[in-house]
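Peer 1: The file below is structure_18.txt, compact mmCIF, C-alpha atoms (C1' of nucleotides):
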```txt
# COMPACT_ATOMS: atom_id res chain seq x y z
CA MET A 70 0.00 0.00 0.00
CA GLU A 71 2.61 2.53 1.11
CA HIS A 72 4.91 1.59 -1.73
CA ARG A 73 2.12 2.21 -4.20
CA ILE A 74 1.63 5.68 -2.75
CA GLU A 75 5.38 6.21 -3.12
CA ARG A 76 5.26 5.15 -6.74
CA ILE A 77 2.43 7.50 -7.51
CA LYS A 78 4.26 10.29 -5.71
CA LYS A 79 7.22 9.70 -7.98
CA GLN A 80 5.04 9.67 -11.05
CA LEU A 81 3.62 13.02 -10.05
CA HIS A 82 7.02 14.49 -9.25
CA ALA A 83 8.35 13.30 -12.58
CA GLN A 84 5.88 15.72 -14.18
CA SER A 85 6.49 18.33 -11.46
CA TYR A 86 3.21 17.86 -9.71
CA LYS A 87 3.00 17.52 -5.97
CA LEU A 88 1.30 14.88 -3.90
CA THR A 89 -0.59 17.30 -1.70
CA PRO A 90 -2.53 16.02 1.33
CA GLN A 91 -5.76 16.30 -0.65
CA ARG A 92 -4.33 14.35 -3.54
CA GLU A 93 -2.88 11.76 -1.21
CA ALA A 94 -6.21 11.33 0.54
CA THR A 95 -7.87 10.84 -2.82
CA VAL A 96 -5.32 8.27 -3.90
CA ARG A 97 -5.73 6.42 -0.62
CA VAL A 98 -9.46 6.18 -1.14
CA LEU A 99 -8.86 4.79 -4.61
CA LEU A 100 -6.41 2.22 -3.26
CA GLU A 101 -8.75 1.18 -0.48
CA HIS A 102 -11.60 0.72 -2.91
CA GLU A 103 -9.73 -0.84 -5.74
CA GLU A 104 -12.49 -3.38 -6.33
CA ASP A 105 -15.18 -0.75 -6.65
CA HIS A 106 -15.97 1.62 -9.44
CA LEU A 107 -16.55 4.87 -7.69
CA SER A 108 -17.97 8.07 -9.13
CA ALA A 109 -16.46 11.47 -8.37
CA GLU A 110 -19.21 12.06 -5.85
CA ASP A 111 -18.57 8.70 -4.16
CA ILE A 112 -14.89 9.49 -3.93
CA TYR A 113 -15.58 12.96 -2.60
CA LEU A 114 -17.70 11.60 0.24
CA LEU A 115 -15.07 9.03 1.16
CA VAL A 116 -12.21 11.51 0.99
CA LYS A 117 -14.07 13.85 3.30
CA ASP A 118 -13.56 11.36 6.13
CA LYS A 119 -9.81 11.75 5.78
CA ALA A 120 -9.74 15.41 4.81
CA PRO A 121 -13.02 17.06 5.75
CA GLU A 122 -12.12 20.45 4.33
CA ILE A 123 -11.67 19.17 0.78
CA GLY A 124 -13.93 20.51 -1.96
CA LEU A 125 -15.63 18.55 -4.71
CA ALA A 126 -13.86 20.61 -7.37
CA THR A 127 -10.51 19.52 -6.00
CA VAL A 128 -11.53 15.91 -6.25
CA TYR A 129 -12.49 16.46 -9.89
CA ARG A 130 -9.21 18.22 -10.56
CA THR A 131 -7.25 15.45 -8.89
CA LEU A 132 -9.07 12.75 -10.82
CA GLU A 133 -8.40 14.55 -14.05
CA LEU A 134 -4.73 14.84 -13.20
CA LEU A 135 -4.47 11.17 -12.30
CA SER A 136 -6.19 10.29 -15.56
CA GLU A 137 -3.74 12.30 -17.58
CA LEU A 138 -0.87 10.50 -15.91
CA LYS A 139 -2.58 7.17 -16.63
CA ILE A 140 -2.66 6.28 -12.99
CA ILE A 141 -6.41 5.90 -13.13
CA ASP A 142 -8.86 5.40 -15.97
CA LYS A 143 -12.16 7.11 -16.44
CA ILE A 144 -14.90 4.77 -17.47
CA ASN A 145 -18.59 4.95 -18.11
CA PHE A 146 -20.95 2.03 -17.75
CA GLY A 147 -23.93 3.72 -19.32
CA ASP A 148 -25.51 5.40 -16.35
CA GLY A 149 -24.84 9.12 -16.56
CA VAL A 150 -21.79 9.08 -14.30
CA SER A 151 -18.06 8.80 -14.92
CA ARG A 152 -16.34 6.26 -12.76
CA TYR A 153 -12.67 5.98 -11.93
CA ASP A 154 -10.59 2.86 -11.80
CA LEU A 155 -6.96 2.43 -10.72
CA ARG A 156 -4.70 0.84 -13.29
CA LYS A 157 -3.22 -2.43 -12.14
CA GLU A 158 0.46 -2.20 -11.24
CA GLY A 159 2.58 -2.15 -14.34
CA ALA A 160 -0.39 -2.53 -16.69
CA THR A 161 -0.07 -0.77 -20.01
CA HIS A 162 -3.63 -1.46 -21.05
CA PHE A 163 -6.84 -0.89 -19.26
CA HIS A 164 -8.43 -4.04 -17.87
CA HIS A 165 -11.86 -5.28 -18.93
CA HIS A 166 -15.20 -5.39 -17.16
CA LEU A 167 -18.16 -7.71 -16.88
CA VAL A 168 -21.31 -5.81 -15.95
CA CYS A 169 -24.19 -7.95 -14.78
CA MET A 170 -27.48 -6.68 -16.18
CA GLU A 171 -29.37 -8.27 -13.35
CA CYS A 172 -27.55 -7.44 -10.13
CA GLY A 173 -25.33 -4.64 -11.41
CA THR A 174 -22.13 -6.19 -10.12
CA VAL A 175 -18.98 -5.23 -12.00
CA GLU A 176 -16.26 -7.85 -12.24
CA GLU A 177 -12.74 -7.06 -13.43
CA ILE A 178 -10.71 -9.04 -15.92
CA VAL A 179 -6.99 -8.51 -15.84
CA GLU A 180 -6.12 -10.97 -18.58
CA ASP A 181 -5.36 -9.25 -21.86
CA LEU A 182 -7.49 -11.39 -24.23
CA LEU A 183 -7.27 -8.78 -26.98
CA GLU A 184 -3.77 -9.45 -28.32
CA ASP A 185 -5.09 -11.23 -31.40
CA VAL A 186 -7.82 -8.72 -32.03
CA GLU A 187 -5.39 -5.82 -31.76
CA ALA A 188 -3.04 -7.50 -34.19
CA ILE A 189 -5.89 -7.76 -36.70
CA ILE A 190 -6.84 -4.13 -36.16
CA GLU A 191 -3.29 -3.01 -36.80
CA ARG A 192 -2.86 -5.26 -39.81
CA ASP A 193 -6.22 -4.79 -41.53
CA TRP A 194 -7.13 -1.26 -40.52
CA GLY A 195 -3.69 0.31 -40.26
CA PHE A 196 -4.74 1.60 -36.85
CA GLU A 197 -2.09 1.80 -34.15
CA VAL A 198 -3.79 0.70 -30.94
CA LYS A 199 -2.67 2.61 -27.85
CA ASP A 200 -5.43 1.63 -25.45
CA HIS A 201 -8.88 0.12 -25.31
CA ARG A 202 -12.14 -0.09 -23.45
CA LEU A 203 -13.90 -3.44 -23.36
CA THR A 204 -17.03 -4.10 -21.36
CA PHE A 205 -19.32 -7.08 -21.56
CA HIS A 206 -22.92 -6.85 -20.53
CA GLY A 207 -24.71 -10.01 -19.54
CA ILE A 208 -25.60 -12.28 -16.65
CA CYS A 209 -23.04 -13.16 -14.03
CA ARG A 210 -22.42 -16.63 -12.63
CA ASN A 211 -24.34 -15.88 -9.45
CA CYS A 212 -27.47 -14.60 -11.12
CA ARG A 213 -27.42 -17.47 -13.58
CA SER A 214 -27.45 -20.09 -10.87
CA SER A 215 -30.09 -18.35 -8.81
CA ASN A 216 -32.25 -17.95 -11.92
CA GLN A 217 -32.00 -21.66 -12.52
CA SER A 218 -33.36 -22.55 -9.12
CA LYS A 219 -36.45 -20.42 -9.68
CA MET B 245 -33.88 3.81 -46.62
CA GLU B 246 -37.67 3.58 -46.74
CA HIS B 247 -37.62 -0.10 -45.97
CA ARG B 248 -35.52 0.54 -42.91
CA ILE B 249 -38.06 3.04 -41.69
CA GLU B 250 -40.73 0.40 -42.27
CA ARG B 251 -38.80 -2.12 -40.26
CA ILE B 252 -38.39 0.24 -37.37
CA LYS B 253 -42.06 1.11 -37.55
CA LYS B 254 -42.87 -2.56 -37.19
CA GLN B 255 -40.48 -2.95 -34.30
CA LEU B 256 -42.23 -0.10 -32.53
CA HIS B 257 -45.70 -1.44 -33.29
CA ALA B 258 -44.69 -4.84 -32.01
CA GLN B 259 -44.29 -3.23 -28.59
CA SER B 260 -47.36 -1.04 -29.17
CA TYR B 261 -45.47 2.17 -29.67
CA LYS B 262 -46.25 4.48 -32.55
CA LEU B 263 -43.94 5.98 -35.11
CA THR B 264 -45.08 9.55 -34.63
CA PRO B 265 -43.89 12.29 -37.00
CA GLN B 266 -41.38 13.43 -34.37
CA ARG B 267 -40.05 9.92 -33.92
CA GLU B 268 -39.88 9.39 -37.64
CA ALA B 269 -37.98 12.63 -38.14
CA THR B 270 -35.52 11.53 -35.47
CA VAL B 271 -35.04 8.12 -37.06
CA ARG B 272 -34.49 9.75 -40.45
CA VAL B 273 -31.75 11.93 -39.04
CA LEU B 274 -30.11 8.86 -37.57
CA LEU B 275 -30.31 7.02 -40.89
CA GLU B 276 -28.94 9.97 -42.82
CA HIS B 277 -26.02 10.29 -40.43
CA GLU B 278 -25.28 6.65 -39.92
CA GLU B 279 -21.54 7.26 -40.19
CA ASP B 280 -21.51 9.92 -37.53
CA HIS B 281 -21.81 9.62 -33.80
CA LEU B 282 -24.24 12.33 -32.90
CA SER B 283 -25.10 13.61 -29.45
CA ALA B 284 -28.69 14.29 -28.39
CA GLU B 285 -28.10 17.98 -28.97
CA ASP B 286 -26.69 17.35 -32.47
CA ILE B 287 -29.70 15.22 -33.31
CA TYR B 288 -32.07 17.81 -31.93
CA LEU B 289 -30.63 20.53 -34.15
CA LEU B 290 -30.83 18.31 -37.22
CA VAL B 291 -34.36 17.13 -36.48
CA LYS B 292 -35.50 20.72 -36.13
CA ASP B 293 -34.96 21.18 -39.86
CA LYS B 294 -37.54 18.51 -40.56
CA ALA B 295 -39.86 19.20 -37.65
CA PRO B 296 -39.19 22.69 -36.29
CA GLU B 297 -41.71 22.43 -33.48
CA ILE B 298 -40.00 19.46 -31.82
CA GLY B 299 -38.64 19.85 -28.30
CA LEU B 300 -35.32 18.62 -26.97
CA ALA B 301 -37.08 16.53 -24.35
CA THR B 302 -38.91 14.63 -27.05
CA VAL B 303 -35.63 13.83 -28.75
CA TYR B 304 -34.28 12.48 -25.48
CA ARG B 305 -37.40 10.43 -24.93
CA THR B 306 -37.26 9.06 -28.46
CA LEU B 307 -33.60 8.14 -28.15
CA GLU B 308 -34.30 6.38 -24.90
CA LEU B 309 -37.13 4.43 -26.48
CA LEU B 310 -35.02 3.45 -29.47
CA SER B 311 -32.27 2.32 -27.11
CA GLU B 312 -34.64 0.12 -25.19
CA LEU B 313 -35.76 -1.53 -28.39
CA LYS B 314 -32.11 -2.02 -29.35
CA ILE B 315 -32.57 -0.06 -32.53
CA ILE B 316 -29.84 2.30 -31.50
CA ASP B 317 -27.02 2.07 -28.97
CA LYS B 318 -25.94 4.73 -26.55
CA ILE B 319 -22.21 5.13 -26.38
CA ASN B 320 -19.76 7.37 -24.67
CA PHE B 321 -16.30 8.12 -25.97
CA GLY B 322 -15.03 9.87 -22.89
CA ASP B 323 -16.12 13.42 -23.55
CA GLY B 324 -19.05 14.26 -21.33
CA VAL B 325 -21.73 13.49 -23.91
CA SER B 326 -23.73 10.41 -24.78
CA ARG B 327 -23.77 9.58 -28.45
CA TYR B 328 -26.22 7.43 -30.36
CA ASP B 329 -25.43 4.90 -33.02
CA LEU B 330 -27.81 2.87 -35.19
CA ARG B 331 -27.38 -0.87 -35.01
CA LYS B 332 -26.41 -2.39 -38.32
CA GLU B 333 -29.24 -4.30 -39.99
CA GLY B 334 -29.70 -7.67 -38.37
CA ALA B 335 -26.79 -7.20 -35.96
CA THR B 336 -27.23 -8.80 -32.58
CA HIS B 337 -24.12 -7.26 -31.11
CA PHE B 338 -22.98 -3.70 -31.06
CA HIS B 339 -20.19 -2.94 -33.51
CA HIS B 340 -16.76 -1.68 -32.44
CA HIS B 341 -15.06 1.68 -32.76
CA LEU B 342 -11.62 3.03 -33.48
CA VAL B 343 -11.16 6.48 -32.02
CA CYS B 344 -8.17 8.40 -33.30
CA MET B 345 -6.46 10.28 -30.48
CA GLU B 346 -5.03 12.75 -32.93
CA CYS B 347 -7.79 13.78 -35.32
CA GLY B 348 -10.77 12.51 -33.35
CA THR B 349 -12.19 10.50 -36.24
CA VAL B 350 -14.30 7.53 -35.25
CA GLU B 351 -14.20 4.51 -37.52
CA GLU B 352 -16.66 1.64 -37.27
CA ILE B 353 -15.84 -2.04 -37.31
CA VAL B 354 -18.66 -4.37 -38.20
CA GLU B 355 -16.67 -7.58 -37.98
CA ASP B 356 -17.34 -9.48 -34.78
CA LEU B 357 -13.74 -10.28 -33.73
CA LEU B 358 -14.83 -11.14 -30.20
CA GLU B 359 -16.22 -14.64 -30.72
CA ASP B 360 -13.17 -16.30 -29.17
CA VAL B 361 -12.95 -13.84 -26.32
CA GLU B 362 -16.62 -14.27 -25.49
CA ALA B 363 -16.24 -18.04 -25.51
CA ILE B 364 -13.44 -17.69 -22.96
CA ILE B 365 -15.50 -15.34 -20.82
CA GLU B 366 -18.38 -17.78 -20.78
CA ARG B 367 -16.17 -20.78 -20.12
CA ASP B 368 -13.79 -19.34 -17.52
CA TRP B 369 -15.94 -16.76 -15.80
CA GLY B 370 -19.35 -18.39 -16.11
CA PHE B 371 -20.62 -15.08 -17.46
CA GLU B 372 -23.32 -15.17 -20.11
CA VAL B 373 -22.44 -12.44 -22.58
CA LYS B 374 -25.44 -10.58 -24.00
CA ASP B 375 -23.72 -7.57 -25.47
CA HIS B 376 -20.46 -5.66 -25.43
CA ARG B 377 -18.78 -2.31 -25.91
CA LEU B 378 -15.34 -2.31 -27.49
CA THR B 379 -13.46 0.85 -28.37
CA PHE B 380 -9.85 1.17 -29.36
CA HIS B 381 -7.96 4.39 -28.83
CA GLY B 382 -4.92 5.05 -30.97
CA ILE B 383 -3.67 6.59 -34.18
CA CYS B 384 -5.54 6.09 -37.41
CA ARG B 385 -3.98 5.22 -40.74
CA ASN B 386 -4.23 8.80 -42.00
CA CYS B 387 -2.55 10.42 -39.06
CA ARG B 388 0.17 7.78 -39.04
CA SER B 389 1.14 8.48 -42.61
CA SER B 390 1.00 12.25 -42.22
CA ASN B 391 3.12 11.99 -39.08
CA GLN B 392 5.71 10.03 -40.99
CA SER B 393 6.15 12.72 -43.63
CA LYS B 394 6.92 15.37 -41.00
C1' DA C 111 8.74 36.21 -4.89
C1' DT C 112 6.82 33.10 -7.78
C1' DT C 113 4.14 29.44 -8.99
C1' DA C 114 1.08 25.57 -7.92
C1' DT C 115 -2.86 24.35 -5.50
C1' DT C 116 -7.03 24.85 -2.95
C1' DG C 117 -12.01 25.89 -1.33
C1' DC C 118 -16.00 28.07 -2.31
C1' DA C 119 -19.59 29.76 -4.98
C1' DA C 120 -21.34 30.52 -9.33
C1' DA C 121 -21.86 29.05 -13.96
C1' DT C 122 -22.32 25.58 -17.54
C1' DT C 123 -23.66 21.50 -19.58
C1' DT C 124 -26.35 17.49 -20.03
C1' DT C 125 -30.32 15.12 -18.99
C1' DT C 126 -34.81 14.34 -16.65
C1' DT C 127 -39.36 15.42 -14.91
C1' DG C 128 -44.02 17.53 -14.23
C1' DC C 129 -47.79 18.87 -16.30
C1' DA C 130 -51.37 20.72 -19.26
C1' DG C 131 -52.73 20.37 -23.95
C1' DG C 132 -53.29 17.43 -28.29
C1' DA C 133 -53.68 13.42 -31.13
C1' DC C 134 -55.50 8.99 -31.85
C1' DC C 135 -57.91 4.96 -31.33
C1' DG D 265 -63.20 8.63 -22.77
C1' DG D 266 -58.85 6.77 -22.14
C1' DT D 267 -54.22 6.31 -23.32
C1' DC D 268 -50.15 7.60 -25.61
C1' DC D 269 -47.41 11.38 -26.91
C1' DT D 270 -45.82 16.16 -27.10
C1' DG D 271 -43.85 20.90 -26.00
C1' DC D 272 -42.52 23.90 -22.62
C1' DA D 273 -40.55 25.28 -18.54
C1' DA D 274 -38.51 24.04 -14.47
C1' DA D 275 -35.59 20.91 -11.96
C1' DA D 276 -31.96 17.88 -11.23
C1' DA D 277 -27.51 15.97 -11.82
C1' DA D 278 -22.76 16.20 -13.21
C1' DT D 279 -18.94 18.82 -14.14
C1' DT D 280 -16.19 23.10 -14.87
C1' DT D 281 -14.61 27.73 -14.05
C1' DG D 282 -13.26 32.19 -11.74
C1' DC D 283 -11.06 33.97 -8.16
C1' DA D 284 -9.08 35.27 -3.92
C1' DA D 285 -6.61 32.91 -0.25
C1' DT D 286 -3.07 29.60 1.02
C1' DA D 287 0.91 26.57 0.72
C1' DA D 288 5.26 25.14 -1.12
C1' DT D 289 9.75 25.91 -3.00
```
Is it possible to express this structure as structure tokens?

Peer 2:
Amino acid sequence: MEHRIERIKKQLHAQSYKLTPQREATVRVLLEHEEDHLSAEDIYLLVKDKAPEIGLATVYRTLELLSELKIIDKINFGDGVSRYDLRKEGATHFHHHLVCMECGTVEEIVEDLLEDVEAIIERDWGFEVKDHRLTFHGICRNCRSSNQSK
Amino acid sequence: MEHRIERIKKQLHAQSYKLTPQREATVRVLLEHEEDHLSAEDIYLLVKDKAPEIGLATVYRTLELLSELKIIDKINFGDGVSRYDLRKEGATHFHHHLVCMECGTVEEIVEDLLEDVEAIIERDWGFEVKDHRLTFHGICRNCRSSNQSK
DNA sequence: ATTATTGCAAATTTTTTGCAGGACC
DNA sequence: GGTCCTGCAAAAAATTTGCAATAAT
């Protein structure tokens, strides 16, 4: 945990940004909720516990900064809200998501799975892939088995 | 063009919705701009040419209805706006997109490409895939070649 | 000192809702 | 007559901006 904060601090410093207390509090919330997919508002409320004087605008500004530095990714699951997701350590590509249409759970997939597809895109479309967003919508394992027993 | 309107009309009637003049005007705009990825506001402005008395709220309501019936798909490329994209005729899955980070052009990919990946998701995660969103971010063919000549 | 960063309030942007009036069986 | 649909205006939700005050180097 602490070493991840250190790493992020270095990434900021490398671009001459500072890890201010507000930014650190925000990063800590993101680390502590790595499994979740929090909105700016969600994050704001959680950060307030650590740093009650923080403003919502600062949270937005911090999230934007972290996005630019590719420390987090902004993602949208179709409700009107942007959500923010920490990149996995050392990952160059954004991970994938399985959104259950029944219970709303979001599962993460770290495996690449797109190597072949990206090769085709580069070969047949001449498009140089830098990043991707892949989300599957469907029914998760849990909902499937509870449906069956109905 | 006309037969596609007819088809959509039938799809609406099948769920006992009507293809009102406002809805038809909206669908026509979508058909005429199939290559583009218009926002609700964009669509509103274009529909006003055909049906000047239409209100923005009606456009939103129509787009929502068409989304529910899977005639169009709502998509978000990371700017703050939702965009709407007609499904290709007979397509069961949403098509993919290549977004150029340099010129902003959005290219469409109709080929499935995800069959293998979806099989893995179903097999290894027990997740029943119903639909997906796949967007690649990178540099398009055009920008790559003009970069090279610099 | 200079520059980056913050909190607050106000402004903007995008989308949704309430409701009275019309259209359509 | 009842239901679906519409336009308008107002409201709500999400995000951004301006600016004066503060913190860091």

Peer 1: Name the closest residue to DC272 of chain D among the candidates B:Ser260, B:Leu300, B:Val271, B:Val291; distances are taken between atoms, counting only C-alpha atoms (C1' of nucleotides).

Peer 2: B:Leu300

Peer 1: For chain A, report every residue with an atom at most 12 Å from chain D (counting only C-alpha atoms (C1' of nucleotides)), formatted as a JSON list (two decimals) with C-alpha atoms, in the coordinates of the input.

Peer 2:
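Ended up saving to out_21.json:
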```
[["chain", "number", "residue", "atom", "x", "y", "z"],
["A", 85, "SER", "CA", 6.49, 18.33, -11.46],
["A", 86, "TYR", "CA", 3.21, 17.86, -9.71],
["A", 87, "LYS", "CA", 3.00, 17.52, -5.97],
["A", 88, "LEU", "CA", 1.30, 14.88, -3.90],
["A", 89, "THR", "CA", -0.59, 17.30, -1.70],
["A", 90, "PRO", "CA", -2.53, 16.02, 1.33],
["A", 108, "SER", "CA", -17.97, 8.07, -9.13],
["A", 109, "ALA", "CA", -16.46, 11.47, -8.37],
["A", 110, "GLU", "CA", -19.21, 12.06, -5.85],
["A", 125, "LEU", "CA", -15.63, 18.55, -4.71],
["A", 126, "ALA", "CA", -13.86, 20.61, -7.37],
["A", 127, "THR", "CA", -10.51, 19.52, -6.00],
["A", 128, "VAL", "CA", -11.53, 15.91, -6.25],
["A", 129, "TYR", "CA", -12.49, 16.46, -9.89],
["A", 130, "ARG", "CA", -9.21, 18.22, -10.56],
["A", 133, "GLU", "CA", -8.40, 14.55, -14.05],
["A", 148, "ASP", "CA", -25.51, 5.40, -16.35],
["A", 149, "GLY", "CA", -24.84, 9.12, -16.56],
["A", 150, "VAL", "CA", -21.79, 9.08, -14.30],
["A", 151, "SER", "CA", -18.06, 8.80, -14.92],
["A", 152, "ARG", "CA", -16.34, 6.26, -12.76]]
```

Peer 1: Least-squares fit on all C-alpha atoms, paired in order: put chain B onto chain A and return it as a compact mmCIF listing (two decimals) with C-alpha atoms, in the frame of the given file.

Peer 2:
```txt
# COMPACT_ATOMS: atom_id res chain seq x y z
CA MET B 245 -0.13 -0.02 0.00
CA GLU B 246 2.53 2.45 1.12
CA HIS B 247 4.81 1.51 -1.72
CA ARG B 248 2.05 2.17 -4.19
CA ILE B 249 1.58 5.62 -2.75
CA GLU B 250 5.33 6.13 -3.13
CA ARG B 251 5.20 5.08 -6.74
CA ILE B 252 2.39 7.46 -7.51
CA LYS B 253 4.23 10.22 -5.71
CA LYS B 254 7.19 9.63 -7.97
CA GLN B 255 5.01 9.60 -11.05
CA LEU B 256 3.62 12.97 -10.04
CA HIS B 257 7.04 14.41 -9.24
CA ALA B 258 8.34 13.22 -12.57
CA GLN B 259 5.90 15.64 -14.19
CA SER B 260 6.56 18.24 -11.47
CA TYR B 261 3.26 17.82 -9.72
CA LYS B 262 3.06 17.46 -5.96
CA LEU B 263 1.32 14.85 -3.90
CA THR B 264 -0.57 17.28 -1.70
CA PRO B 265 -2.50 16.02 1.34
CA GLN B 266 -5.74 16.32 -0.64
CA ARG B 267 -4.31 14.36 -3.54
CA GLU B 268 -2.90 11.76 -1.22
CA ALA B 269 -6.22 11.35 0.55
CA THR B 270 -7.89 10.86 -2.83
CA VAL B 271 -5.34 8.28 -3.92
CA ARG B 272 -5.78 6.42 -0.63
CA VAL B 273 -9.51 6.20 -1.16
CA LEU B 274 -8.90 4.82 -4.62
CA LEU B 275 -6.46 2.23 -3.28
CA GLU B 276 -8.80 1.20 -0.49
CA HIS B 277 -11.66 0.76 -2.93
CA GLU B 278 -9.78 -0.81 -5.77
CA GLU B 279 -12.55 -3.34 -6.35
CA ASP B 280 -15.24 -0.73 -6.65
CA HIS B 281 -16.00 1.65 -9.45
CA LEU B 282 -16.58 4.91 -7.69
CA SER B 283 -17.98 8.11 -9.13
CA ALA B 284 -16.45 11.51 -8.38
CA GLU B 285 -19.21 12.12 -5.87
CA ASP B 286 -18.60 8.76 -4.15
CA ILE B 287 -14.90 9.53 -3.92
CA TYR B 288 -15.59 13.00 -2.60
CA LEU B 289 -17.72 11.66 0.24
CA LEU B 290 -15.10 9.08 1.16
CA VAL B 291 -12.21 11.54 0.99
CA LYS B 292 -14.07 13.89 3.30
CA ASP B 293 -13.58 11.40 6.12
CA LYS B 294 -9.83 11.76 5.78
CA ALA B 295 -9.71 15.42 4.81
CA PRO B 296 -12.99 17.10 5.77
CA GLU B 297 -12.05 20.47 4.35
CA ILE B 298 -11.61 19.19 0.79
CA GLY B 299 -13.86 20.56 -1.94
CA LEU B 300 -15.58 18.61 -4.69
CA ALA B 301 -13.80 20.65 -7.33
CA THR B 302 -10.46 19.55 -5.98
CA VAL B 303 -11.51 15.93 -6.25
CA TYR B 304 -12.46 16.49 -9.87
CA ARG B 305 -9.19 18.23 -10.57
CA THR B 306 -7.23 15.45 -8.89
CA LEU B 307 -9.07 12.75 -10.81
CA GLU B 308 -8.40 14.58 -14.04
CA LEU B 309 -4.72 14.84 -13.22
CA LEU B 310 -4.48 11.17 -12.30
CA SER B 311 -6.22 10.29 -15.56
CA GLU B 312 -3.75 12.29 -17.57
CA LEU B 313 -0.88 10.48 -15.92
CA LYS B 314 -2.62 7.17 -16.65
CA ILE B 315 -2.69 6.27 -13.00
CA ILE B 316 -6.42 5.90 -13.14
CA ASP B 317 -8.88 5.41 -15.99
CA LYS B 318 -12.18 7.14 -16.44
CA ILE B 319 -14.93 4.80 -17.47
CA ASN B 320 -18.61 4.99 -18.09
CA PHE B 321 -20.97 2.07 -17.76
CA GLY B 322 -23.97 3.74 -19.31
CA ASP B 323 -25.52 5.42 -16.31
CA GLY B 324 -24.89 9.14 -16.49
CA VAL B 325 -21.81 9.12 -14.27
CA SER B 326 -18.10 8.82 -14.91
CA ARG B 327 -16.36 6.29 -12.75
CA TYR B 328 -12.68 6.01 -11.93
CA ASP B 329 -10.61 2.88 -11.80
CA LEU B 330 -6.98 2.43 -10.74
CA ARG B 331 -4.73 0.84 -13.30
CA LYS B 332 -3.27 -2.43 -12.14
CA GLU B 333 0.41 -2.21 -11.23
CA GLY B 334 2.54 -2.16 -14.33
CA ALA B 335 -0.42 -2.52 -16.69
CA THR B 336 -0.08 -0.74 -19.99
CA HIS B 337 -3.63 -1.42 -21.07
CA PHE B 338 -6.85 -0.85 -19.27
CA HIS B 339 -8.43 -4.00 -17.89
CA HIS B 340 -11.86 -5.26 -18.95
CA HIS B 341 -15.20 -5.37 -17.18
CA LEU B 342 -18.15 -7.70 -16.89
CA VAL B 343 -21.29 -5.83 -15.97
CA CYS B 344 -24.17 -7.97 -14.78
CA MET B 345 -27.46 -6.72 -16.20
CA GLU B 346 -29.34 -8.29 -13.34
CA CYS B 347 -27.52 -7.45 -10.12
CA GLY B 348 -25.31 -4.65 -11.41
CA THR B 349 -22.10 -6.19 -10.11
CA VAL B 350 -18.98 -5.24 -12.01
CA GLU B 351 -16.24 -7.83 -12.25
CA GLU B 352 -12.73 -7.05 -13.43
CA ILE B 353 -10.70 -9.02 -15.92
CA VAL B 354 -6.97 -8.48 -15.84
CA GLU B 355 -6.11 -10.93 -18.59
CA ASP B 356 -5.35 -9.22 -21.87
CA LEU B 357 -7.46 -11.37 -24.24
CA LEU B 358 -7.26 -8.77 -26.99
CA GLU B 359 -3.76 -9.44 -28.34
CA ASP B 360 -5.08 -11.23 -31.42
CA VAL B 361 -7.81 -8.71 -32.05
CA GLU B 362 -5.39 -5.81 -31.78
CA ALA B 363 -3.01 -7.50 -34.20
CA ILE B 364 -5.87 -7.75 -36.70
CA ILE B 365 -6.83 -4.12 -36.17
CA GLU B 366 -3.28 -3.01 -36.81
CA ARG B 367 -2.84 -5.27 -39.82
CA ASP B 368 -6.19 -4.78 -41.55
CA TRP B 369 -7.12 -1.26 -40.55
CA GLY B 370 -3.68 0.30 -40.27
CA PHE B 371 -4.73 1.60 -36.86
CA GLU B 372 -2.08 1.81 -34.16
CA VAL B 373 -3.78 0.71 -30.96
CA LYS B 374 -2.68 2.62 -27.86
CA ASP B 375 -5.43 1.65 -25.48
CA HIS B 376 -8.88 0.12 -25.34
CA ARG B 377 -12.15 -0.08 -23.45
CA LEU B 378 -13.89 -3.44 -23.37
CA THR B 379 -17.03 -4.10 -21.37
CA PHE B 380 -19.29 -7.09 -21.57
CA HIS B 381 -22.92 -6.87 -20.55
CA GLY B 382 -24.68 -10.05 -19.54
CA ILE B 383 -25.56 -12.31 -16.65
CA CYS B 384 -23.00 -13.18 -14.03
CA ARG B 385 -22.37 -16.64 -12.64
CA ASN B 386 -24.30 -15.90 -9.44
CA CYS B 387 -27.43 -14.65 -11.10
CA ARG B 388 -27.37 -17.52 -13.58
CA SER B 389 -27.38 -20.12 -10.86
CA SER B 390 -30.02 -18.37 -8.78
CA ASN B 391 -32.20 -18.01 -11.87
CA GLN B 392 -31.93 -21.72 -12.49
CA SER B 393 -33.26 -22.63 -9.06
CA LYS B 394 -36.41 -20.56 -9.57
```

Peer 1: May I ask you to extract the residues of chain B within 8 Å of chain A, using only C-alpha atoms, and to give them as a PyMOL selection string?

Peer 2: chain B and resi 318-320+322+342+357-358+361+369-385

Peer 1: Provide as an MDAnalysis selection string the residues of chain C at most 9 Å from chain B, counting only C-alpha atoms (C1' of nucleotides).

Peer 2: chainID C and resid 123:126

Peer 1: Kindly export the residues of the current selection with C-alpha atoms (C1' of nucleotides), as a PDB file, in the coordinates of the input.

Peer 2:
```
ATOM      1  C1'  DT C 123     -23.660  21.500 -19.580  1.00  0.00           C
ATOM      2  C1'  DT C 124     -26.350  17.490 -20.030  1.00  0.00           C
ATOM      3  C1'  DT C 125     -30.320  15.120 -18.990  1.00  0.00           C
ATOM      4  C1'  DT C 126     -34.810  14.340 -16.650  1.00  0.00           C
TER       5       DT C 126
END
```
